file data_18.pdb (PDB, C-alpha atoms (C1' of nucleotides))
ATOM      1  CA  MET A   1     -64.491  73.830  -7.212
ATOM      2  CA  PRO A   2     -60.793  73.480  -6.537
ATOM      3  CA  SER A   3     -60.248  74.654  -2.998
ATOM      4  CA  LYS A   4     -56.498  75.217  -3.325
ATOM      5  CA  THR A   5     -54.257  76.635  -5.992
ATOM      6  CA  LEU A   6     -51.062  74.933  -7.097
ATOM      7  CA  GLU A   7     -49.073  77.663  -5.364
ATOM      8  CA  GLN A   8     -50.843  76.975  -2.105
ATOM      9  CA  ASP A   9     -50.214  73.258  -2.418
ATOM     10  CA  ILE A  10     -46.529  73.899  -3.082
ATOM     11  CA  THR A  11     -46.282  76.319  -0.169
ATOM     12  CA  GLU A  12     -47.849  73.736   2.118
ATOM     13  CA  LEU A  13     -45.513  71.035   0.844
ATOM     14  CA  MET A  14     -42.429  73.162   1.475
ATOM     15  CA  HIS A  15     -43.783  74.186   4.849
ATOM     16  CA  ALA A  16     -44.284  70.577   5.907
ATOM     17  CA  VAL A  17     -40.852  69.630   4.612
ATOM     18  CA  GLY A  18     -39.235  72.520   6.488
ATOM     19  CA  LEU A  19     -40.939  71.488   9.721
ATOM     20  CA  LEU A  20     -39.775  67.892   9.305
ATOM     21  CA  VAL A  21     -36.157  68.875   8.697
ATOM     22  CA  ARG A  22     -36.032  71.199  11.705
ATOM     23  CA  ARG A  23     -37.782  68.714  13.929
ATOM     24  CA  THR A  24     -35.335  65.994  12.942
ATOM     25  CA  ARG A  25     -32.408  68.292  13.626
ATOM     26  CA  ASN A  26     -33.789  69.233  17.037
ATOM     27  CA  GLU A  27     -34.673  65.715  18.122
ATOM     28  CA  SER A  28     -31.253  64.238  17.406
ATOM     29  CA  CYS A  29     -28.985  63.748  20.398
ATOM     30  CA  ALA A  30     -25.604  65.383  20.818
ATOM     31  CA  ASP A  31     -23.508  62.420  19.715
ATOM     32  CA  GLU A  32     -25.619  61.645  16.706
ATOM     33  CA  LEU A  33     -24.618  62.466  13.164
ATOM     34  CA  SER A  34     -26.093  65.257  11.097
ATOM     35  CA  MET A  35     -28.432  64.421   8.246
ATOM     36  CA  THR A  36     -25.711  64.750   5.629
ATOM     37  CA  GLU A  37     -23.268  62.704   7.687
ATOM     38  CA  SER A  38     -25.853  59.934   8.118
ATOM     39  CA  MET A  39     -26.672  59.909   4.451
ATOM     40  CA  VAL A  40     -23.024  59.665   3.476
ATOM     41  CA  MET A  41     -22.586  56.772   5.875
ATOM     42  CA  SER A  42     -25.605  54.942   4.461
ATOM     43  CA  ARG A  43     -24.418  55.470   0.949
ATOM     44  CA  LEU A  44     -20.917  54.169   1.669
ATOM     45  CA  ALA A  45     -22.378  51.153   3.450
ATOM     46  CA  ASN A  46     -24.769  50.352   0.609
ATOM     47  CA  ASP A  47     -22.737  51.225  -2.451
ATOM     48  CA  GLY A  48     -19.146  50.874  -1.277
ATOM     49  CA  PRO A  49     -16.268  53.374  -1.449
ATOM     50  CA  ALA A  50     -16.786  56.595  -3.397
ATOM     51  CA  THR A  51     -14.962  59.832  -4.122
ATOM     52  CA  THR A  52     -15.802  63.143  -2.491
ATOM     53  CA  ALA A  53     -17.012  64.491  -5.818
ATOM     54  CA  ALA A  54     -19.335  61.540  -6.409
ATOM     55  CA  LEU A  55     -20.783  61.829  -2.913
ATOM     56  CA  ALA A  56     -21.322  65.561  -3.425
ATOM     57  CA  ARG A  57     -23.212  64.959  -6.656
ATOM     58  CA  ALA A  58     -25.378  62.325  -4.999
ATOM     59  CA  GLU A  59     -26.307  64.601  -2.105
ATOM     60  CA  GLY A  60     -26.747  67.750  -4.141
ATOM     61  CA  ILE A  61     -24.025  69.810  -2.472
ATOM     62  CA  LYS A  62     -20.690  71.245  -3.671
ATOM     63  CA  PRO A  63     -17.553  69.085  -3.484
ATOM     64  CA  GLN A  64     -15.958  71.574  -1.093
ATOM     65  CA  SER A  65     -18.922  71.250   1.263
ATOM     66  CA  MET A  66     -18.766  67.486   1.045
ATOM     67  CA  GLY A  67     -15.067  67.739   1.845
ATOM     68  CA  THR A  68     -16.004  69.376   5.140
ATOM     69  CA  THR A  69     -18.435  66.570   5.930
ATOM     70  CA  ILE A  70     -15.860  63.914   5.084
ATOM     71  CA  THR A  71     -13.262  65.624   7.263
ATOM     72  CA  ALA A  72     -15.723  65.617  10.169
ATOM     73  CA  LEU A  73     -16.448  61.904   9.689
ATOM     74  CA  GLU A  74     -12.723  61.245   9.369
ATOM     75  CA  GLU A  75     -12.029  63.008  12.668
ATOM     76  CA  MET A  76     -14.627  60.768  14.300
ATOM     77  CA  ASP A  77     -12.795  57.771  12.787
ATOM     78  CA  ILE A  78     -15.917  56.769  10.877
ATOM     79  CA  VAL A  79     -14.449  57.000   7.394
ATOM     80  CA  LYS A  80     -10.949  56.977   5.952
ATOM     81  CA  ARG A  81      -9.406  58.238   2.728
ATOM     82  CA  THR A  82      -7.358  55.906   0.553
ATOM     83  CA  PRO A  83      -5.681  56.930  -2.707
ATOM     84  CA  HIS A  84      -7.227  55.548  -5.885
ATOM     85  CA  ALA A  85      -5.147  52.743  -7.387
ATOM     86  CA  THR A  86      -4.689  54.235 -10.830
ATOM     87  CA  ASP A  87      -6.025  57.815 -10.778
ATOM     88  CA  GLY A  88      -3.684  59.924  -8.703
ATOM     89  CA  ARG A  89      -6.229  62.720  -8.296
ATOM     90  CA  GLN A  90      -8.835  60.644  -6.559
ATOM     91  CA  MET A  91      -9.177  59.741  -2.917
ATOM     92  CA  LEU A  92     -11.649  56.953  -2.182
ATOM     93  CA  ILE A  93     -13.751  57.403   0.941
ATOM     94  CA  GLU A  94     -14.719  54.248   2.800
ATOM     95  CA  LEU A  95     -16.064  53.253   6.183
ATOM     96  CA  THR A  96     -13.612  52.272   8.905
ATOM     97  CA  PRO A  97     -14.342  49.243  11.109
ATOM     98  CA  LYS A  98     -15.628  51.691  13.698
ATOM     99  CA  GLY A  99     -17.863  53.258  11.039
ATOM    100  CA  LEU A 100     -19.327  49.868  10.135
ATOM    101  CA  GLU A 101     -19.916  49.102  13.798
ATOM    102  CA  LEU A 102     -21.523  52.471  14.459
ATOM    103  CA  ARG A 103     -23.801  52.062  11.485
ATOM    104  CA  LYS A 104     -25.304  48.888  12.894
ATOM    105  CA  LYS A 105     -26.086  50.626  16.158
ATOM    106  CA  ASN A 106     -27.388  53.731  14.471
ATOM    107  CA  ARG A 107     -29.828  51.813  12.312
ATOM    108  CA  ALA A 108     -31.707  51.207  15.510
ATOM    109  CA  ALA A 109     -30.991  54.411  17.382
ATOM    110  CA  LYS A 110     -31.320  57.082  14.774
ATOM    111  CA  GLN A 111     -34.552  58.863  14.007
ATOM    112  CA  ILE A 112     -36.281  57.164  16.878
ATOM    113  CA  TRP A 113     -38.890  59.873  17.249
ATOM    114  CA  LEU A 114     -39.710  59.599  13.541
ATOM    115  CA  SER A 115     -39.918  55.805  13.612
ATOM    116  CA  ARG A 116     -42.350  56.020  16.499
ATOM    117  CA  ALA A 117     -44.468  58.686  14.863
ATOM    118  CA  ILE A 118     -44.585  56.748  11.604
ATOM    119  CA  ALA A 119     -45.485  53.569  13.458
ATOM    120  CA  GLU A 120     -48.720  55.245  14.515
ATOM    121  CA  LEU A 121     -49.760  55.979  10.949
ATOM    122  CA  SER A 122     -52.144  53.661   9.176
ATOM    123  CA  PRO A 123     -50.576  51.259   6.655
ATOM    124  CA  GLU A 124     -52.171  53.286   3.865
ATOM    125  CA  GLU A 125     -50.625  56.490   5.155
ATOM    126  CA  ARG A 126     -47.226  54.846   5.441
ATOM    127  CA  ASP A 127     -47.465  53.646   1.860
ATOM    128  CA  ALA A 128     -48.519  57.111   0.733
ATOM    129  CA  LEU A 129     -45.623  58.688   2.599
ATOM    130  CA  PHE A 130     -42.898  56.413   1.256
ATOM    131  CA  ASN A 131     -44.368  56.507  -2.228
ATOM    132  CA  ALA A 132     -44.169  60.312  -2.086
ATOM    133  CA  ALA A 133     -40.506  60.053  -1.053
ATOM    134  CA  GLY A 134     -39.762  58.602  -4.473
ATOM    135  CA  ILE A 135     -41.649  61.394  -6.212
ATOM    136  CA  ILE A 136     -39.859  64.055  -4.144
ATOM    137  CA  LYS A 137     -36.494  62.530  -4.992
ATOM    138  CA  ARG A 138     -37.266  62.629  -8.687
ATOM    139  CA  LEU A 139     -38.398  66.252  -8.450
ATOM    140  CA  ALA A 140     -35.274  67.288  -6.557
ATOM    141  CA  GLU A 141     -32.952  65.522  -8.981
ATOM    142  CA  LYS A 142     -34.684  66.644 -12.157
ATOM    143  CA  PRO A 143     -32.242  68.743 -14.181
ATOM    144  CA  THR A 144     -33.170  72.348 -14.874
ATOM    145  CA  LYS A 145     -33.994  72.772 -18.522
TER     146      LYS A 145
ATOM    147  CA  MET B   1     -41.487  39.647   0.695
ATOM    148  CA  PRO B   2     -40.801  43.110   2.033
ATOM    149  CA  SER B   3     -37.906  44.458   0.007
ATOM    150  CA  LYS B   4     -37.105  47.353   2.344
ATOM    151  CA  THR B   5     -36.954  47.827   6.055
ATOM    152  CA  LEU B   6     -38.649  50.698   7.845
ATOM    153  CA  GLU B   7     -35.223  52.219   8.539
ATOM    154  CA  GLN B   8     -34.390  52.161   4.853
ATOM    155  CA  ASP B   9     -37.705  53.773   3.964
ATOM    156  CA  ILE B  10     -37.124  56.502   6.544
ATOM    157  CA  THR B  11     -33.576  57.078   5.341
ATOM    158  CA  GLU B  12     -34.821  57.425   1.785
ATOM    159  CA  LEU B  13     -37.573  59.806   2.876
ATOM    160  CA  MET B  14     -35.120  62.050   4.715
ATOM    161  CA  HIS B  15     -32.698  61.857   1.823
ATOM    162  CA  ALA B  16     -35.356  62.981  -0.647
ATOM    163  CA  VAL B  17     -36.483  65.745   1.681
ATOM    164  CA  GLY B  18     -32.899  66.963   2.128
ATOM    165  CA  LEU B  19     -32.362  67.069  -1.621
ATOM    166  CA  LEU B  20     -35.568  69.067  -2.110
ATOM    167  CA  VAL B  21     -34.664  71.640   0.525
ATOM    168  CA  ARG B  22     -31.159  72.167  -0.855
ATOM    169  CA  ARG B  23     -32.373  72.313  -4.412
ATOM    170  CA  THR B  24     -34.988  74.914  -3.504
ATOM    171  CA  ARG B  25     -32.383  76.989  -1.702
ATOM    172  CA  ASN B  26     -30.015  76.827  -4.664
ATOM    173  CA  GLU B  27     -32.617  77.589  -7.310
ATOM    174  CA  SER B  28     -33.918  80.737  -5.656
ATOM    175  CA  CYS B  29     -32.598  83.991  -7.076
ATOM    176  CA  ALA B  30     -30.679  86.585  -5.103
ATOM    177  CA  ASP B  31     -33.605  88.908  -4.451
ATOM    178  CA  GLU B  32     -35.940  86.143  -3.415
ATOM    179  CA  LEU B  33     -36.893  85.367   0.136
ATOM    180  CA  SER B  34     -35.623  82.409   2.125
ATOM    181  CA  MET B  35     -37.974  79.541   2.883
ATOM    182  CA  THR B  36     -38.721  80.782   6.382
ATOM    183  CA  GLU B  37     -39.239  84.340   5.168
ATOM    184  CA  SER B  38     -41.663  83.135   2.487
ATOM    185  CA  MET B  39     -43.568  81.026   4.942
ATOM    186  CA  VAL B  40     -43.924  83.898   7.390
ATOM    187  CA  MET B  41     -45.187  86.106   4.590
ATOM    188  CA  SER B  42     -47.755  83.516   3.501
ATOM    189  CA  ARG B  43     -48.924  83.042   7.027
ATOM    190  CA  LEU B  44     -49.358  86.747   7.669
ATOM    191  CA  ALA B  45     -51.226  87.120   4.382
ATOM    192  CA  ASN B  46     -53.534  84.205   5.119
ATOM    193  CA  ASP B  47     -54.090  84.523   8.853
ATOM    194  CA  GLY B  48     -53.479  88.213   9.532
ATOM    195  CA  PRO B  49     -51.112  89.852  12.060
ATOM    196  CA  ALA B  50     -49.348  87.637  14.591
ATOM    197  CA  THR B  51     -46.722  87.911  17.305
ATOM    198  CA  THR B  52     -43.144  86.757  16.913
ATOM    199  CA  ALA B  53     -43.730  84.004  19.463
ATOM    200  CA  ALA B  54     -46.806  82.701  17.627
ATOM    201  CA  LEU B  55     -44.965  82.686  14.312
ATOM    202  CA  ALA B  56     -42.048  80.857  15.906
ATOM    203  CA  ARG B  57     -44.334  78.168  17.280
ATOM    204  CA  ALA B  58     -46.003  77.744  13.897
ATOM    205  CA  GLU B  59     -42.708  77.330  12.074
ATOM    206  CA  GLY B  60     -41.038  75.192  14.699
ATOM    207  CA  ILE B  61     -38.160  77.528  15.498
ATOM    208  CA  LYS B  62     -37.186  79.513  18.616
ATOM    209  CA  PRO B  63     -38.667  82.991  19.152
ATOM    210  CA  GLN B  64     -35.179  84.503  19.040
ATOM    211  CA  SER B  65     -34.591  82.945  15.635
ATOM    212  CA  MET B  66     -37.943  84.166  14.390
ATOM    213  CA  GLY B  67     -36.969  87.614  15.652
ATOM    214  CA  THR B  68     -34.011  87.551  13.271
ATOM    215  CA  THR B  69     -36.296  86.622  10.379
ATOM    216  CA  ILE B  70     -38.763  89.379  11.268
ATOM    217  CA  THR B  71     -35.949  91.924  11.489
ATOM    218  CA  ALA B  72     -34.760  90.896   8.016
ATOM    219  CA  LEU B  73     -38.279  91.267   6.597
ATOM    220  CA  GLU B  74     -38.630  94.584   8.404
ATOM    221  CA  GLU B  75     -35.418  95.907   6.850
ATOM    222  CA  MET B  76     -36.809  94.979   3.435
ATOM    223  CA  ASP B  77     -39.973  96.939   4.329
ATOM    224  CA  ILE B  78     -42.077  93.806   3.908
ATOM    225  CA  VAL B  79     -43.461  93.668   7.445
ATOM    226  CA  LYS B  80     -43.848  96.162  10.266
ATOM    227  CA  ARG B  81     -44.194  95.880  14.010
ATOM    228  CA  THR B  82     -47.071  97.565  15.806
ATOM    229  CA  PRO B  83     -47.623  97.433  19.562
ATOM    230  CA  HIS B  84     -50.535  95.322  20.746
ATOM    231  CA  ALA B  85     -53.504  97.449  21.824
ATOM    232  CA  THR B  86     -53.874  96.027  25.322
ATOM    233  CA  ASP B  87     -50.895  93.741  26.017
ATOM    234  CA  GLY B  88     -47.818  95.917  26.376
ATOM    235  CA  ARG B  89     -45.464  92.972  25.922
ATOM    236  CA  GLN B  90     -46.630  92.020  22.483
ATOM    237  CA  MET B  91     -45.654  93.412  19.112
ATOM    238  CA  LEU B  92     -47.949  92.453  16.263
ATOM    239  CA  ILE B  93     -46.224  91.692  12.985
ATOM    240  CA  GLU B  94     -48.134  92.548   9.824
ATOM    241  CA  LEU B  95     -47.456  92.976   6.128
ATOM    242  CA  THR B  96     -46.712  96.470   4.826
ATOM    243  CA  PRO B  97     -48.308  97.646   1.548
ATOM    244  CA  LYS B  98     -45.030  96.735  -0.124
ATOM    245  CA  GLY B  99     -45.206  93.297   1.466
ATOM    246  CA  LEU B 100     -48.729  92.753   0.140
ATOM    247  CA  GLU B 101     -47.646  93.889  -3.310
ATOM    248  CA  LEU B 102     -44.560  91.681  -3.291
ATOM    249  CA  ARG B 103     -46.603  88.714  -2.247
ATOM    250  CA  LYS B 104     -48.799  88.960  -5.322
ATOM    251  CA  LYS B 105     -45.754  88.991  -7.569
ATOM    252  CA  ASN B 106     -44.038  86.221  -5.673
ATOM    253  CA  ARG B 107     -47.013  83.896  -5.916
ATOM    254  CA  ALA B 108     -46.137  83.706  -9.571
ATOM    255  CA  ALA B 109     -42.371  84.015  -9.397
ATOM    256  CA  LYS B 110     -41.408  81.883  -6.439
ATOM    257  CA  GLN B 111     -40.548  78.237  -6.721
ATOM    258  CA  ILE B 112     -40.776  78.410 -10.482
ATOM    259  CA  TRP B 113     -38.505  75.437 -10.985
ATOM    260  CA  LEU B 114     -40.649  73.382  -8.613
ATOM    261  CA  SER B 115     -43.914  74.434 -10.247
ATOM    262  CA  ARG B 116     -42.539  73.380 -13.599
ATOM    263  CA  ALA B 117     -41.245  70.065 -12.327
ATOM    264  CA  ILE B 118     -44.554  69.327 -10.611
ATOM    265  CA  ALA B 119     -46.452  70.286 -13.735
ATOM    266  CA  GLU B 120     -44.808  67.371 -15.484
ATOM    267  CA  LEU B 121     -46.030  64.848 -12.948
ATOM    268  CA  SER B 122     -49.132  62.823 -13.636
ATOM    269  CA  PRO B 123     -52.306  63.980 -11.826
ATOM    270  CA  GLU B 124     -52.070  60.863  -9.660
ATOM    271  CA  GLU B 125     -48.519  61.681  -8.644
ATOM    272  CA  ARG B 126     -49.468  65.258  -7.846
ATOM    273  CA  ASP B 127     -52.290  64.048  -5.636
ATOM    274  CA  ALA B 128     -49.956  61.590  -3.943
ATOM    275  CA  LEU B 129     -47.397  64.322  -3.357
ATOM    276  CA  PHE B 130     -49.765  66.874  -1.835
ATOM    277  CA  ASN B 131     -51.531  64.212   0.184
ATOM    278  CA  ALA B 132     -48.168  63.235   1.647
ATOM    279  CA  ALA B 133     -47.518  66.887   2.533
ATOM    280  CA  GLY B 134     -50.381  66.680   5.011
ATOM    281  CA  ILE B 135     -49.008  63.483   6.521
ATOM    282  CA  ILE B 136     -45.529  64.982   6.824
ATOM    283  CA  LYS B 137     -46.933  68.045   8.542
ATOM    284  CA  ARG B 138     -48.738  65.913  11.092
ATOM    285  CA  LEU B 139     -45.599  63.871  11.762
ATOM    286  CA  ALA B 140     -43.471  66.982  12.208
ATOM    287  CA  GLU B 141     -45.961  68.610  14.557
ATOM    288  CA  LYS B 142     -46.715  65.527  16.611
ATOM    289  CA  PRO B 143     -45.667  66.166  20.206
ATOM    290  CA  THR B 144     -42.991  63.943  21.710
ATOM    291  CA  LYS B 145     -44.493  61.695  24.322
TER     292      LYS B 145
ATOM    293  C1'  DT C   1     -44.083  83.315  38.211
ATOM    294  C1'  DA C   2     -44.932  83.136  33.232
ATOM    295  C1'  DT C   3     -44.782  85.354  28.866
ATOM    296  C1'  DT C   4     -42.990  88.549  25.240
ATOM    297  C1'  DG C   5     -39.428  90.413  23.215
ATOM    298  C1'  DT C   6     -34.389  91.960  22.550
ATOM    299  C1'  DT C   7     -29.418  91.581  22.224
ATOM    300  C1'  DA C   8     -25.187  89.073  22.029
ATOM    301  C1'  DT C   9     -22.795  85.128  20.787
ATOM    302  C1'  DA C  10     -21.916  80.774  18.621
ATOM    303  C1'  DC C  11     -22.769  76.636  15.970
ATOM    304  C1'  DT C  12     -24.046  73.868  11.668
ATOM    305  C1'  DC C  13     -24.401  73.469   6.978
ATOM    306  C1'  DT C  14     -23.355  75.053   2.718
ATOM    307  C1'  DA C  15     -21.457  78.462  -0.709
ATOM    308  C1'  DT C  16     -17.771  81.002  -3.386
ATOM    309  C1'  DA C  17     -13.059  81.842  -4.502
ATOM    310  C1'  DA C  18      -8.358  80.651  -5.235
ATOM    311  C1'  DC C  19      -5.143  77.274  -5.509
ATOM    312  C1'  DT C  20      -2.414  72.609  -6.526
ATOM    313  C1'  DA C  21      -2.042  68.229  -8.682
ATOM    314  C1'  DT C  22      -3.258  64.893 -12.012
ATOM    315  C1'  DA C  23      -5.511  63.279 -16.326
TER     316       DA C  23
ATOM    317  C1'  DT D   1      -8.758  71.782 -20.844
ATOM    318  C1'  DA D   2     -11.205  69.180 -17.471
ATOM    319  C1'  DT D   3     -11.420  66.846 -13.174
ATOM    320  C1'  DA D   4     -10.215  65.886  -8.096
ATOM    321  C1'  DG D   5      -9.084  67.705  -4.111
ATOM    322  C1'  DT D   6      -7.676  71.319  -0.425
ATOM    323  C1'  DT D   7      -7.757  75.575   2.131
ATOM    324  C1'  DA D   8      -9.674  79.923   3.379
ATOM    325  C1'  DT D   9     -13.445  82.813   3.933
ATOM    326  C1'  DA D  10     -18.252  84.014   4.137
ATOM    327  C1'  DG D  11     -23.180  83.581   4.442
ATOM    328  C1'  DA D  12     -27.790  81.763   5.917
ATOM    329  C1'  DG D  13     -30.369  79.747   9.353
ATOM    330  C1'  DT D  14     -30.717  78.309  13.332
ATOM    331  C1'  DA D  15     -29.498  77.730  18.759
ATOM    332  C1'  DT D  16     -28.364  79.106  23.686
ATOM    333  C1'  DA D  17     -27.800  82.463  27.255
ATOM    334  C1'  DA D  18     -28.820  86.579  29.694
ATOM    335  C1'  DC D  19     -31.694  90.311  30.245
ATOM    336  C1'  DA D  20     -35.773  93.878  30.533
ATOM    337  C1'  DA D  21     -40.571  94.784  30.446
ATOM    338  C1'  DT D  22     -45.216  93.454  31.185
ATOM    339  C1'  DA D  23     -48.938  90.305  32.659
TER     340       DA D  23
END
call {"tool": "encode", "arguments": {"input": "data_18.pdb", "output": "structure tokens"}}
result
Amino acid sequence: MPSKTLEQDITELMHAVGLLVRRTRNESCADELSMTESMVMSRLANDGPATTAALARAEGIKPQSMGTTITALEEMDIVKRTPHATDGRQMLIELTPKGLELRKKNRAAKQIWLSRAIAELSPEERDALFNAAGIIKRLAEKPTK
Amino acid sequence: MPSKTLEQDITELMHAVGLLVRRTRNESCADELSMTESMVMSRLANDGPATTAALARAEGIKPQSMGTTITALEEMDIVKRTPHATDGRQMLIELTPKGLELRKKNRAAKQIWLSRAIAELSPEERDALFNAAGIIKRLAEKPTK
DNA sequence: TATTGTTATACTCTATAACTATA
DNA sequence: TATAGTTATAGAGTATAACAATA
């Protein structure tokens, strides 16, 4: 017999995800970046300069909200805005030298608690976890019909 | 050769998780409960009455924050507070008749977009997803050394 | 002294609305 | 008309601090 309904499985999934997000927020030190800030930094480092609107679409938030994040990163001198060469509406966001430097350090420093916890999983569990990350991403990005 | 580092895997996991949380928040209708409110309701329905402090520990937030959630649910007449029989400090939180009723409806209505998206996964992917939920929960609840 | 709960205040992240400028 | 961006305001979901009551 099936011991759990789909609803229960979904509730447990969302519960686990909620716990992970809050734990990550709580474990981060004062001078660390927020989750959205980190993700923007990673994206700029991996994919190069991007507009606020493109970053917002990628992270699933509104352009205005992304604007706030960019402003915060700009005030920390981690990113800078430069006007697009041909499209006068666009501002390209890119990492500053300080942003590039910080990123190298943060790759080691960030999410230390999580790295340690994951290190204690079995290889099979790690595979299962990172495989699920791909599934979760697809679910979250799936357009509503 | 390993194509991704552990840091990259972790970044992608947190990215996917962030997208899922935001998507869930955005998809929920105006009269629906927040994630924390839903989780408290499920817990009370499954495990019976509990104190604010116990609920806070279970959800990984501060008792004061859980107090806010309980007050919101109380104003919607979904839960009620009753004094503990023997311990004068404690207030037991339990579902009202309306809360029990609402829960039945919400089991069907809540997270509809997610149910639909998950329904389109293969059985193997579903298993992988819900299996990972257990791993994520353990990670999030693992005490810091 | 530790635990439970409350109230007050503030911060982070994101949303909506209204606007300007450019395409 | 659609897209990019900015500014202002507001809301949800937490946190910290200070306190009162009970164990």
call {"tool": "closest_atom_pairs", "arguments": {"input": "data_18.pdb", "of": "chain D", "to": "chain B", "cutoff": "8 Å", "atoms": "only C-alpha atoms (C1' of nucleotides)", "output": "tab-separated table"}}
result
residue	atom	partner	partner_atom	distance
D:DT14	C1'	B:Ser65	CA	6.5
D:DA15	C1'	B:Lys62	CA	7.9
D:DA21	C1'	B:Arg89	CA	6.9
D:DT22	C1'	B:Arg89	CA	5.3
D:DA23	C1'	B:Asp87	CA	7.7
call {"tool": "residues_around", "arguments": {"input": "data_18.pdb", "residues": "DA17 (chain C)", "least_positions_apart": "3", "cutoff": "12 Å", "atoms": "only C-alpha atoms (C1' of nucleotides)", "output": "PyMOL selection string"}}
result
(chain A and resi 64) or (chain D and resi 7-10)
call {"tool": "atom_distance", "arguments": {"input": "data_18.pdb", "atom1": "CA of Ala140 (chain A)", "atom2": "CA of Leu19 (chain B)"}}
result
5.7 Å
call {"tool": "resolve_selection", "arguments": {"input": "data_18.pdb", "expression": "the PyMOL selection byres ((chain C) within 8 of (chain A))", "output": "PyMOL selection string"}}
result
chain C and resi 14-15+21-23
call {"tool": "residues_around", "arguments": {"input": "data_18.pdb", "residues": "region 37-52 of chain B", "least_positions_apart": "3", "cutoff": "10 Å", "atoms": "all atoms listed in the file", "output": "number ranges by chain"}}
result
A: 8, 11-12, 14-15, 18; B: 32-34, 55-59, 62-70, 72-73, 78-84, 90-95, 99-100, 102-103, 106-107, 110; C: 4-5
call {"tool": "resolve_selection", "arguments": {"input": "data_18.pdb", "expression": "the PyMOL selection byres ((chain D and resi 17) around 10)", "output": "list of chain:residue names"}}
result
C:DA8, C:DT9, D:DA15, D:DT16, D:DA18, D:DC19
call {"tool": "atom_distance", "arguments": {"input": "data_18.pdb", "atom1": "CA of Leu20 (chain B)", "atom2": "CA of Leu6 (chain B)"}}
result
21.1 Å
call {"tool": "interface_residues", "arguments": {"input": "data_18.pdb", "of": "chain A", "to": "chain B", "cutoff": "6 Å", "atoms": "all atoms listed in the file", "output": "list in words"}}
result
Leu13, Ala16, Leu19, Leu20, Leu129, Ala132, Ala133, Ile136, Lys137 and Ala140 of chain A
call {"tool": "write_last_selection", "arguments": {"input": "data_18.pdb", "atoms": "C-alpha atoms", "output": "compact mmCIF listing (two decimals), in the frame of the given file"}}
result
# COMPACT_ATOMS: atom_id res chain seq x y z
CA LEU A 13 -45.51 71.04 0.84
CA ALA A 16 -44.28 70.58 5.91
CA LEU A 19 -40.94 71.49 9.72
CA LEU A 20 -39.78 67.89 9.30
CA LEU A 129 -45.62 58.69 2.60
CA ALA A 132 -44.17 60.31 -2.09
CA ALA A 133 -40.51 60.05 -1.05
CA ILE A 136 -39.86 64.06 -4.14
CA LYS A 137 -36.49 62.53 -4.99
CA ALA A 140 -35.27 67.29 -6.56
call {"tool": "axis_aligned_box", "arguments": {"input": "data_18.pdb", "around": "region 5-20 of chain D", "padding_each_side": "5 Å", "output": "AutoDock Vina command-line options"}}
result
--center_x -21.7 --center_y 80.8 --center_z 13.2 --size_x 38.1 --size_y 36.2 --size_z 44.6
call {"tool": "atom_distance", "arguments": {"input": "data_18.pdb", "atom1": "CA of Arg25 (chain B)", "atom2": "CA of Lys98 (chain B)"}}
result
23.5 Å
call {"tool": "closest_residue", "arguments": {"input": "data_18.pdb", "among": "A:Glu75, A:Lys4, A:Thr96, A:Ala53", "to": "DA4 (chain D)", "atoms": "all atoms listed in the file"}}
result
A:Ala53
call {"tool": "resolve_selection", "arguments": {"input": "data_18.pdb", "expression": "the PyMOL selection byres ((chain C and resi 20) around 9)", "output": "compact mmCIF listing (two decimals) with C-alpha atoms (C1' of nucleotides), keeping the file's coordinate frame"}}
result
# COMPACT_ATOMS: atom_id res chain seq x y z
C1' DC C 19 -5.14 77.27 -5.51
C1' DA C 21 -2.04 68.23 -8.68
C1' DG D 5 -9.08 67.70 -4.11
C1' DT D 6 -7.68 71.32 -0.42
